[in-house]
Structure formats: structure tokens, C-alpha cells
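Coordinates from my_file-v8.pdb are shown below (PDB, C-alpha atoms).
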ATOM      1  CA  MET A   1      89.219 100.887 139.378  1.00  0.00           C
ATOM      2  CA  SER A   2      92.151 102.816 140.616  1.00  0.00           C
ATOM      3  CA  LYS A   3      92.339 106.466 139.661  1.00  0.00           C
ATOM      4  CA  ASP A   4      96.010 106.299 140.603  1.00  0.00           C
ATOM      5  CA  GLU A   5      96.604 103.507 138.084  1.00  0.00           C
ATOM      6  CA  LEU A   6      95.011 105.529 135.280  1.00  0.00           C
ATOM      7  CA  GLU A   7      97.031 108.588 136.263  1.00  0.00           C
ATOM      8  CA  GLN A   8     100.172 106.427 136.215  1.00  0.00           C
ATOM      9  CA  ILE A   9      99.477 105.528 132.572  1.00  0.00           C
ATOM     10  CA  ALA A  10      99.301 109.245 131.721  1.00  0.00           C
ATOM     11  CA  VAL A  11     102.637 109.828 133.474  1.00  0.00           C
ATOM     12  CA  GLU A  12     104.248 106.889 131.667  1.00  0.00           C
ATOM     13  CA  LEU A  13     102.971 108.159 128.322  1.00  0.00           C
ATOM     14  CA  LYS A  14     104.651 111.536 128.832  1.00  0.00           C
ATOM     15  CA  ASP A  15     107.957 109.705 129.143  1.00  0.00           C
ATOM     16  CA  CYS A  16     107.332 107.233 126.327  1.00  0.00           C
ATOM     17  CA  PHE A  17     109.729 107.370 123.388  1.00  0.00           C
ATOM     18  CA  ALA A  18     109.120 103.822 122.137  1.00  0.00           C
ATOM     19  CA  CYS A  19     108.407 104.925 118.569  1.00  0.00           C
ATOM     20  CA  ASN A  20     108.986 107.841 116.207  1.00  0.00           C
ATOM     21  CA  LEU A  21     105.587 109.392 116.930  1.00  0.00           C
ATOM     22  CA  SER A  22     106.980 110.733 120.199  1.00  0.00           C
ATOM     23  CA  LYS A  23     109.273 113.072 118.255  1.00  0.00           C
ATOM     24  CA  GLY A  24     106.477 115.114 116.712  1.00  0.00           C
ATOM     25  CA  ARG A  25     103.861 115.125 119.445  1.00  0.00           C
ATOM     26  CA  LYS A  26     102.900 117.990 121.699  1.00  0.00           C
ATOM     27  CA  ASN A  27     101.062 115.642 124.064  1.00  0.00           C
ATOM     28  CA  ALA A  28     100.782 111.925 124.481  1.00  0.00           C
ATOM     29  CA  VAL A  29      97.045 111.400 124.793  1.00  0.00           C
ATOM     30  CA  ALA A  30      95.951 109.176 127.640  1.00  0.00           C
ATOM     31  CA  GLY A  31      92.380 107.986 127.938  1.00  0.00           C
ATOM     32  CA  ASN A  32      89.891 109.856 130.076  1.00  0.00           C
ATOM     33  CA  GLY A  33      86.414 109.568 131.461  1.00  0.00           C
ATOM     34  CA  ASP A  34      84.687 107.435 134.031  1.00  0.00           C
ATOM     35  CA  GLY A  35      87.151 105.035 135.626  1.00  0.00           C
ATOM     36  CA  ASN A  36      84.228 102.757 136.518  1.00  0.00           C
ATOM     37  CA  ALA A  37      82.699 102.875 133.052  1.00  0.00           C
ATOM     38  CA  LYS A  38      80.901  99.875 131.643  1.00  0.00           C
ATOM     39  CA  ILE A  39      81.463 101.251 128.136  1.00  0.00           C
ATOM     40  CA  MET A  40      84.979 101.805 126.804  1.00  0.00           C
ATOM     41  CA  ILE A  41      85.388 103.665 123.533  1.00  0.00           C
ATOM     42  CA  VAL A  42      88.605 102.982 121.630  1.00  0.00           C
ATOM     43  CA  GLY A  43      89.456 105.247 118.713  1.00  0.00           C
ATOM     44  CA  GLU A  44      92.298 105.130 116.260  1.00  0.00           C
ATOM     45  CA  SER A  45      94.830 107.797 117.233  1.00  0.00           C
ATOM     46  CA  PRO A  46      94.909 111.426 118.328  1.00  0.00           C
ATOM     47  CA  GLY A  47      94.404 114.040 115.649  1.00  0.00           C
ATOM     48  CA  LYS A  48      95.798 117.551 115.662  1.00  0.00           C
ATOM     49  CA  GLU A  49      93.293 118.924 118.199  1.00  0.00           C
ATOM     50  CA  GLU A  50      93.744 115.930 120.490  1.00  0.00           C
ATOM     51  CA  ASP A  51      97.513 116.416 120.313  1.00  0.00           C
ATOM     52  CA  GLU A  52      97.075 120.085 121.230  1.00  0.00           C
ATOM     53  CA  GLN A  53      94.712 119.456 124.162  1.00  0.00           C
ATOM     54  CA  GLY A  54      96.053 116.102 125.351  1.00  0.00           C
ATOM     55  CA  LYS A  55      92.564 114.539 125.383  1.00  0.00           C
ATOM     56  CA  PRO A  56      90.936 111.931 123.110  1.00  0.00           C
ATOM     57  CA  PHE A  57      88.039 112.771 120.783  1.00  0.00           C
ATOM     58  CA  VAL A  58      87.912 116.554 121.042  1.00  0.00           C
ATOM     59  CA  GLY A  59      87.022 118.980 118.279  1.00  0.00           C
ATOM     60  CA  ASP A  60      84.614 118.138 115.476  1.00  0.00           C
ATOM     61  CA  ALA A  61      85.033 114.358 115.721  1.00  0.00           C
ATOM     62  CA  GLY A  62      84.455 114.508 119.468  1.00  0.00           C
ATOM     63  CA  GLU A  63      81.321 116.625 119.081  1.00  0.00           C
ATOM     64  CA  THR A  64      79.974 114.221 116.468  1.00  0.00           C
ATOM     65  CA  LEU A  65      80.783 111.242 118.694  1.00  0.00           C
ATOM     66  CA  ASP A  66      78.962 112.920 121.585  1.00  0.00           C
ATOM     67  CA  GLU A  67      75.899 113.527 119.365  1.00  0.00           C
ATOM     68  CA  LEU A  68      75.873 109.933 118.108  1.00  0.00           C
ATOM     69  CA  LEU A  69      76.139 108.592 121.656  1.00  0.00           C
ATOM     70  CA  ALA A  70      73.417 110.957 122.895  1.00  0.00           C
ATOM     71  CA  GLY A  71      71.189 109.743 120.058  1.00  0.00           C
ATOM     72  CA  ILE A  72      71.265 106.252 121.593  1.00  0.00           C
ATOM     73  CA  GLY A  73      70.932 107.445 125.176  1.00  0.00           C
ATOM     74  CA  ILE A  74      74.597 107.229 126.186  1.00  0.00           C
ATOM     75  CA  LYS A  75      76.413 110.106 127.831  1.00  0.00           C
ATOM     76  CA  ARG A  76      80.111 110.434 127.095  1.00  0.00           C
ATOM     77  CA  LYS A  77      80.795 111.314 130.736  1.00  0.00           C
ATOM     78  CA  ASP A  78      79.661 107.785 131.621  1.00  0.00           C
ATOM     79  CA  CYS A  79      82.196 106.190 129.265  1.00  0.00           C
ATOM     80  CA  TYR A  80      85.950 105.780 129.282  1.00  0.00           C
ATOM     81  CA  VAL A  81      87.409 107.126 126.035  1.00  0.00           C
ATOM     82  CA  THR A  82      90.856 106.282 124.700  1.00  0.00           C
ATOM     83  CA  ASN A  83      92.784 105.603 121.494  1.00  0.00           C
ATOM     84  CA  ARG A  84      94.696 102.624 120.224  1.00  0.00           C
ATOM     85  CA  VAL A  85      97.719 104.837 119.491  1.00  0.00           C
ATOM     86  CA  LYS A  86      98.547 107.516 122.044  1.00  0.00           C
ATOM     87  CA  CYS A  87     100.445 110.035 119.857  1.00  0.00           C
ATOM     88  CA  ASN A  88      99.389 111.856 116.705  1.00  0.00           C
ATOM     89  CA  PRO A  89     100.597 110.076 113.557  1.00  0.00           C
ATOM     90  CA  LEU A  90     102.368 112.919 111.807  1.00  0.00           C
ATOM     91  CA  GLY A  91     100.559 114.196 108.749  1.00  0.00           C
ATOM     92  CA  GLU A  92      97.332 112.474 109.878  1.00  0.00           C
ATOM     93  CA  ASN A  93      98.556 109.185 108.417  1.00  0.00           C
ATOM     94  CA  LYS A  94      97.422 105.807 109.665  1.00  0.00           C
ATOM     95  CA  PRO A  95      99.668 104.435 112.417  1.00  0.00           C
ATOM     96  CA  LYS A  96     102.293 101.896 111.383  1.00  0.00           C
ATOM     97  CA  GLN A  97     102.493  98.445 112.989  1.00  0.00           C
ATOM     98  CA  LYS A  98     105.555  99.451 115.020  1.00  0.00           C
ATOM     99  CA  GLU A  99     103.553 102.333 116.506  1.00  0.00           C
ATOM    100  CA  LEU A 100     100.560 100.109 117.227  1.00  0.00           C
ATOM    101  CA  ASP A 101     102.842  97.616 118.952  1.00  0.00           C
ATOM    102  CA  ALA A 102     104.503 100.344 121.054  1.00  0.00           C
ATOM    103  CA  CYS A 103     101.132 101.537 122.404  1.00  0.00           C
ATOM    104  CA  GLN A 104      99.472  98.157 122.908  1.00  0.00           C
ATOM    105  CA  LYS A 105     100.662  97.789 126.506  1.00  0.00           C
ATOM    106  CA  TYR A 106      98.929 101.052 127.455  1.00  0.00           C
ATOM    107  CA  LEU A 107      95.610 100.015 125.925  1.00  0.00           C
ATOM    108  CA  ASP A 108      95.868  96.585 127.558  1.00  0.00           C
ATOM    109  CA  LYS A 109      96.466  98.227 130.946  1.00  0.00           C
ATOM    110  CA  GLU A 110      93.496 100.584 130.471  1.00  0.00           C
ATOM    111  CA  ILE A 111      91.235  97.627 129.696  1.00  0.00           C
ATOM    112  CA  GLU A 112      92.580  95.734 132.721  1.00  0.00           C
ATOM    113  CA  ILE A 113      91.912  98.710 135.024  1.00  0.00           C
ATOM    114  CA  ILE A 114      88.497  99.740 133.641  1.00  0.00           C
ATOM    115  CA  LYS A 115      87.118  96.223 133.151  1.00  0.00           C
ATOM    116  CA  PRO A 116      84.475  97.384 130.661  1.00  0.00           C
ATOM    117  CA  SER A 117      81.366  95.366 129.883  1.00  0.00           C
ATOM    118  CA  VAL A 118      81.543  96.382 126.219  1.00  0.00           C
ATOM    119  CA  ILE A 119      84.083  98.084 123.948  1.00  0.00           C
ATOM    120  CA  LEU A 120      83.122 100.364 121.076  1.00  0.00           C
ATOM    121  CA  LEU A 121      85.845 100.183 118.397  1.00  0.00           C
ATOM    122  CA  VAL A 122      85.740 103.428 116.422  1.00  0.00           C
ATOM    123  CA  GLY A 123      87.441 103.503 113.035  1.00  0.00           C
ATOM    124  CA  GLU A 124      89.527 101.084 111.032  1.00  0.00           C
ATOM    125  CA  THR A 125      92.664 101.063 113.189  1.00  0.00           C
ATOM    126  CA  ALA A 126      90.671 100.284 116.329  1.00  0.00           C
ATOM    127  CA  ALA A 127      88.526  97.740 114.457  1.00  0.00           C
ATOM    128  CA  LYS A 128      91.643  95.726 113.584  1.00  0.00           C
ATOM    129  CA  LEU A 129      91.733  94.671 117.240  1.00  0.00           C
ATOM    130  CA  ALA A 130      88.622  92.584 116.550  1.00  0.00           C
ATOM    131  CA  SER A 131      89.068  91.536 112.926  1.00  0.00           C
ATOM    132  CA  PRO A 132      91.632  91.862 110.142  1.00  0.00           C
ATOM    133  CA  GLU A 133      88.868  92.335 107.568  1.00  0.00           C
ATOM    134  CA  LYS A 134      88.129  95.622 105.803  1.00  0.00           C
ATOM    135  CA  MET A 135      85.865  98.119 107.550  1.00  0.00           C
ATOM    136  CA  GLU A 136      83.102  97.810 104.979  1.00  0.00           C
ATOM    137  CA  ASN A 137      82.819  94.114 105.948  1.00  0.00           C
ATOM    138  CA  ILE A 138      82.853  94.486 109.735  1.00  0.00           C
ATOM    139  CA  HIS A 139      81.215  97.806 110.665  1.00  0.00           C
ATOM    140  CA  GLY A 140      77.974  97.438 112.577  1.00  0.00           C
ATOM    141  CA  LYS A 141      78.929  94.000 113.860  1.00  0.00           C
ATOM    142  CA  GLU A 142      79.741  92.519 117.246  1.00  0.00           C
ATOM    143  CA  PHE A 143      83.013  90.731 117.920  1.00  0.00           C
ATOM    144  CA  SER A 144      85.004  89.891 121.015  1.00  0.00           C
ATOM    145  CA  TYR A 145      88.226  91.470 122.190  1.00  0.00           C
ATOM    146  CA  LYS A 146      89.946  90.064 125.281  1.00  0.00           C
ATOM    147  CA  ASN A 147      86.730  88.141 125.995  1.00  0.00           C
ATOM    148  CA  ILE A 148      84.746  91.395 126.091  1.00  0.00           C
ATOM    149  CA  PRO A 149      81.959  92.139 123.594  1.00  0.00           C
ATOM    150  CA  ALA A 150      83.329  94.619 121.054  1.00  0.00           C
ATOM    151  CA  PHE A 151      81.320  96.513 118.465  1.00  0.00           C
ATOM    152  CA  VAL A 152      82.785  98.138 115.330  1.00  0.00           C
ATOM    153  CA  VAL A 153      81.642 101.506 113.942  1.00  0.00           C
ATOM    154  CA  TYR A 154      83.013 103.910 111.368  1.00  0.00           C
ATOM    155  CA  HIS A 155      84.925 106.902 112.713  1.00  0.00           C
ATOM    156  CA  PRO A 156      82.686 109.966 113.251  1.00  0.00           C
ATOM    157  CA  SER A 157      85.067 112.239 111.325  1.00  0.00           C
ATOM    158  CA  GLY A 158      83.794 110.696 108.103  1.00  0.00           C
ATOM    159  CA  LEU A 159      80.114 111.384 108.756  1.00  0.00           C
ATOM    160  CA  ASN A 160      79.827 113.981 106.017  1.00  0.00           C
ATOM    161  CA  ASN A 161      80.326 111.494 103.235  1.00  0.00           C
ATOM    162  CA  LYS A 162      78.010 108.997 101.578  1.00  0.00           C
ATOM    163  CA  ASN A 163      78.213 106.509 104.491  1.00  0.00           C
ATOM    164  CA  LYS A 164      76.482 108.806 107.001  1.00  0.00           C
ATOM    165  CA  ASP A 165      73.350 106.639 107.167  1.00  0.00           C
ATOM    166  CA  GLU A 166      75.435 103.491 107.705  1.00  0.00           C
ATOM    167  CA  ARG A 167      77.322 105.132 110.548  1.00  0.00           C
ATOM    168  CA  GLU A 168      74.148 106.269 112.255  1.00  0.00           C
ATOM    169  CA  GLU A 169      72.695 102.771 111.851  1.00  0.00           C
ATOM    170  CA  ASP A 170      75.887 101.295 113.374  1.00  0.00           C
ATOM    171  CA  PHE A 171      75.457 103.465 116.460  1.00  0.00           C
ATOM    172  CA  ARG A 172      71.793 102.485 116.683  1.00  0.00           C
ATOM    173  CA  LYS A 173      72.840  98.814 116.650  1.00  0.00           C
ATOM    174  CA  PHE A 174      75.440  99.533 119.316  1.00  0.00           C
ATOM    175  CA  GLY A 175      72.734 101.101 121.464  1.00  0.00           C
ATOM    176  CA  GLU A 176      70.681  97.912 121.092  1.00  0.00           C
ATOM    177  CA  LEU A 177      73.684  95.817 122.109  1.00  0.00           C
ATOM    178  CA  VAL A 178      74.188  97.937 125.231  1.00  0.00           C
ATOM    179  CA  LYS A 179      70.503  97.467 126.142  1.00  0.00           C
ATOM    180  CA  ASN A 180      70.665  93.705 125.449  1.00  0.00           C
ATOM    181  CA  LEU A 181      73.751  93.387 127.656  1.00  0.00           C
ATOM    182  CA  GLU A 182      71.785  95.295 130.312  1.00  0.00           C
ATOM    183  CA  ILE A 183      74.568  97.805 130.758  1.00  0.00           C
ATOM    184  CA  GLU A 184      73.583 100.776 132.855  1.00  0.00           C
ATOM    185  CA  ASN A 185      75.330 103.964 131.852  1.00  0.00           C
TER     186      ASN A 185
END
Would you write out, as C-alpha cells, the structure that this file holds?
Amino acid sequence: MSKDELEQIAVELKDCFACNLSKGRKNAVAGNGDGNAKIMIVGESPGKEEDEQGKPFVGDAGETLDELLAGIGIKRKDCYVTNRVKCNPLGENKPKQKELDACQKYLDKEIEIIKPSVILLVGETAAKLASPEKMENIHGKEFSYKNIPAFVVYHPSGLNNKNKDEREEDFRKFGELVKNLEIEN
């Protein structure tokens, strides 16, 4: 891993105007965490707090993610955390295909630099990297993305609804996958 290469992505993102999301952002949100991580977490897109702070998975969703990871023995500091889209979709809408396409090169470069052993795909937009099916059909399942095991879970921001048990079970299954792959975190 090259810390310089990851820092270069952050610099490039600041100067990225490839889609309309750049017009409304405060910060383009580069990934962060352990540059030698075996576990890469890919979320959907930055929310309001992420846009403010310039970091992925902060605020309530980040705290919930940290708790879910801790519950399966994984520390966030040992992971590399990023998003599929690097700017906040205005109005908290789902990113459009043009926006996904504009950010794909950054995610691809992060994966190339980190070389994770497993990728946790968090939320529907991230899950589409592994499968075009609806979330209710693919959550809690293992796929492959770029020849890397990839596991799909619901986004932690929705944990207060009726699917809370399913989400916790998905993370439990992910923990089992990490153990079965003999990934040390």
C-alpha cells in the first residue's frame, strides 16, 4: 500500500467536477482507515455529516456501523472505509448512474491500492456492484467483486426499522465469513 497513492486520490477528488454532485458539496469524501486493511467497507454515498466532515461513515450511521463491527470482533480502525460515490447526493437522494460512473475510477483505484481480502458492501447502491437484484434478495449473501469475496448488508442507518434483526444477522454472517477466510484484523 502506498499512503501517497491514497492521499493522491483525496487530492484528485477535491478537483473533481465530473458530475453535478460537485456543485453542491462541501467536501468530496475520500476513503480512510488502514491502508493495509484486509477488510474494505464500501458504503453508498456521503450523507450530510460526511459532507461536512469530509470522512465516510460519521455521525449516527458511523456509530451504528462501529457497534455492528465490534459485535463481530472487528475494529473499524483495522478496516479501510469508503463510499461508492464520493460526494453527497443533494437532498439525500440515491446517486444517478452518471454519478456512479464518474466515481467508479476512484473506487477502482482504492481497491487496487488496498488489495483487500474481503469487501463489505453496505447498502443498496454499494450492493449493486455485486448484483443487480433487489436488496431483500441479496442481503446477507456472499458474492464476488473484482475477484474478491464481497458480502452484502443493509445500511446501518435503517437499523431502527423492522429489519433490525436481519441486519444484525447479516453482520453476524459477515463475521463468520471473515473467520472462514482466516482474515486477521
Residues picked by the PyMOL selection byres ((chain A and resi 140) around 9) here, as a list in words? Asn137, Ile138, His139, Lys141, Glu142, Phe151, Val152, Val153, Tyr154, Glu166, Arg167, Glu169, Asp170, Phe171, Arg172, Lys173 and Phe174 of chain A
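The smallest atom-to-atom distance between A:Ala30 and any of A:Asn163, A:Thr64, A:Thr82, A:Ser45, using only C-alpha atoms, is found for A:Thr82.
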Once the PyMOL selection byres ((chain A and resi 22) around 12) is applied to the coordinates I shared, what remains selected? I want it as number ranges by chain. A: 13-21, 23-29, 51, 85-90, 99, 102-103
Atom CA of A:Gly35 to atom CA of A:Glu112 measures 11.2 Å
May I have the residues within 9 Å of A:Ile114 as a count of residues only, using only C-alpha atoms and disregarding those fewer than 3 positions away in the same chain? 13
Env of A:Asp108: 12 Å cut, atoms = only C-alpha atoms, seq-sep filter 6 positions within chain, self excluded. Answer as a CSV table (one decimal) with C-alpha atoms, keeping the file's coordinate frame.
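So the final result, stored in result28.csv, reads:
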chain,number,residue,atom,x,y,z
A,6,LEU,CA,95.0,105.5,135.3
A,9,ILE,CA,99.5,105.5,132.6
A,31,GLY,CA,92.4,108.0,127.9
A,42,VAL,CA,88.6,103.0,121.6
A,82,THR,CA,90.9,106.3,124.7
A,83,ASN,CA,92.8,105.6,121.5
A,84,ARG,CA,94.7,102.6,120.2
A,85,VAL,CA,97.7,104.8,119.5
A,100,LEU,CA,100.6,100.1,117.2
A,101,ASP,CA,102.8,97.6,119.0
A,102,ALA,CA,104.5,100.3,121.1
A,114,ILE,CA,88.5,99.7,133.6
A,115,LYS,CA,87.1,96.2,133.2
A,116,PRO,CA,84.5,97.4,130.7
A,129,LEU,CA,91.7,94.7,117.2
A,145,TYR,CA,88.2,91.5,122.2
A,146,LYS,CA,89.9,90.1,125.3
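The closest residue to A:Leu69, picked from A:Asn93, A:Ile39, A:Ala130, A:Gln53 and counting all atoms listed in the file, is A:Ile39.
Taking atom CA of A:Pro132 as the reference point, atom CA of A:Leu107 is found at 18.2 Å.
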List as a ChimeraX atom specification the protein and nucleic acid residues near A:Val118, meaning an atom at most 6 Å away when all atoms listed in the file are counted, but skip any in the same chain fewer than 5 places from it. /A:39,148-150
How would the residues just chosen look if you wrote them out with C-alpha atoms as an mmCIF file, keeping the file's coordinate frame?
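Generated file (result10.cif):
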data_model
loop_
_atom_site.group_PDB
_atom_site.id
_atom_site.type_symbol
_atom_site.label_atom_id
_atom_site.label_comp_id
_atom_site.auth_asym_id
_atom_site.auth_seq_id
_atom_site.Cartn_x
_atom_site.Cartn_y
_atom_site.Cartn_z
ATOM 1 C CA ILE A 39 81.463 101.251 128.136
ATOM 2 C CA ILE A 148 84.746 91.395 126.091
ATOM 3 C CA PRO A 149 81.959 92.139 123.594
ATOM 4 C CA ALA A 150 83.329 94.619 121.054
#
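Run against this file, the PyMOL selection byres ((chain A and resi 73) around 12) gives back Asp66, Glu67, Leu68, Leu69, Ala70, Gly71, Ile72, Ile74, Lys75, Arg76, Lys77, Asp78, Phe171, Arg172, Phe174, Gly175, Glu176, Val178, Lys179, Ile183, Glu184 and Asn185 of chain A.
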One decimal place gives the atom CA of A:Glu5-atom CA of A:Asn32 separation as 12.2 Å
Go through A:Ile113, A:Lys94, A:Glu168, A:Pro46 one by one, measure the shortest atom-to-atom distance of each to A:Gln8 using all atoms listed in the file, and give the residue with the smallest value. A:Ile113
Give the centre and edge lengths of an axis-aligned box, in Å to one decimal, that holds all listed atoms of stretch 52-56 of chain A with 8 Å on each side, as lines of an AutoDock Vina configuration file.
center_x = 94.0
center_y = 116.0
center_z = 123.3
size_x = 22.1
size_y = 24.2
size_z = 20.2
List the spatial neighbours of A:Gly59 as a PyMOL selection string - criterion: any atom at most 9 Å away, only C-alpha atoms, same-chain residues fewer than 4 positions off excluded. chain A and resi 49-50+63-64
Which of these, A:Gly33, A:Ala10, A:Cys79, A:Ala127, has the shortest distance to A:Gly54 once you count all atoms listed in the file? A:Ala10
Which one is closest to A:Pro156: A:Ile119, A:Val11, A:Ile41, A:Leu65? Count all atoms listed in the file. A:Leu65
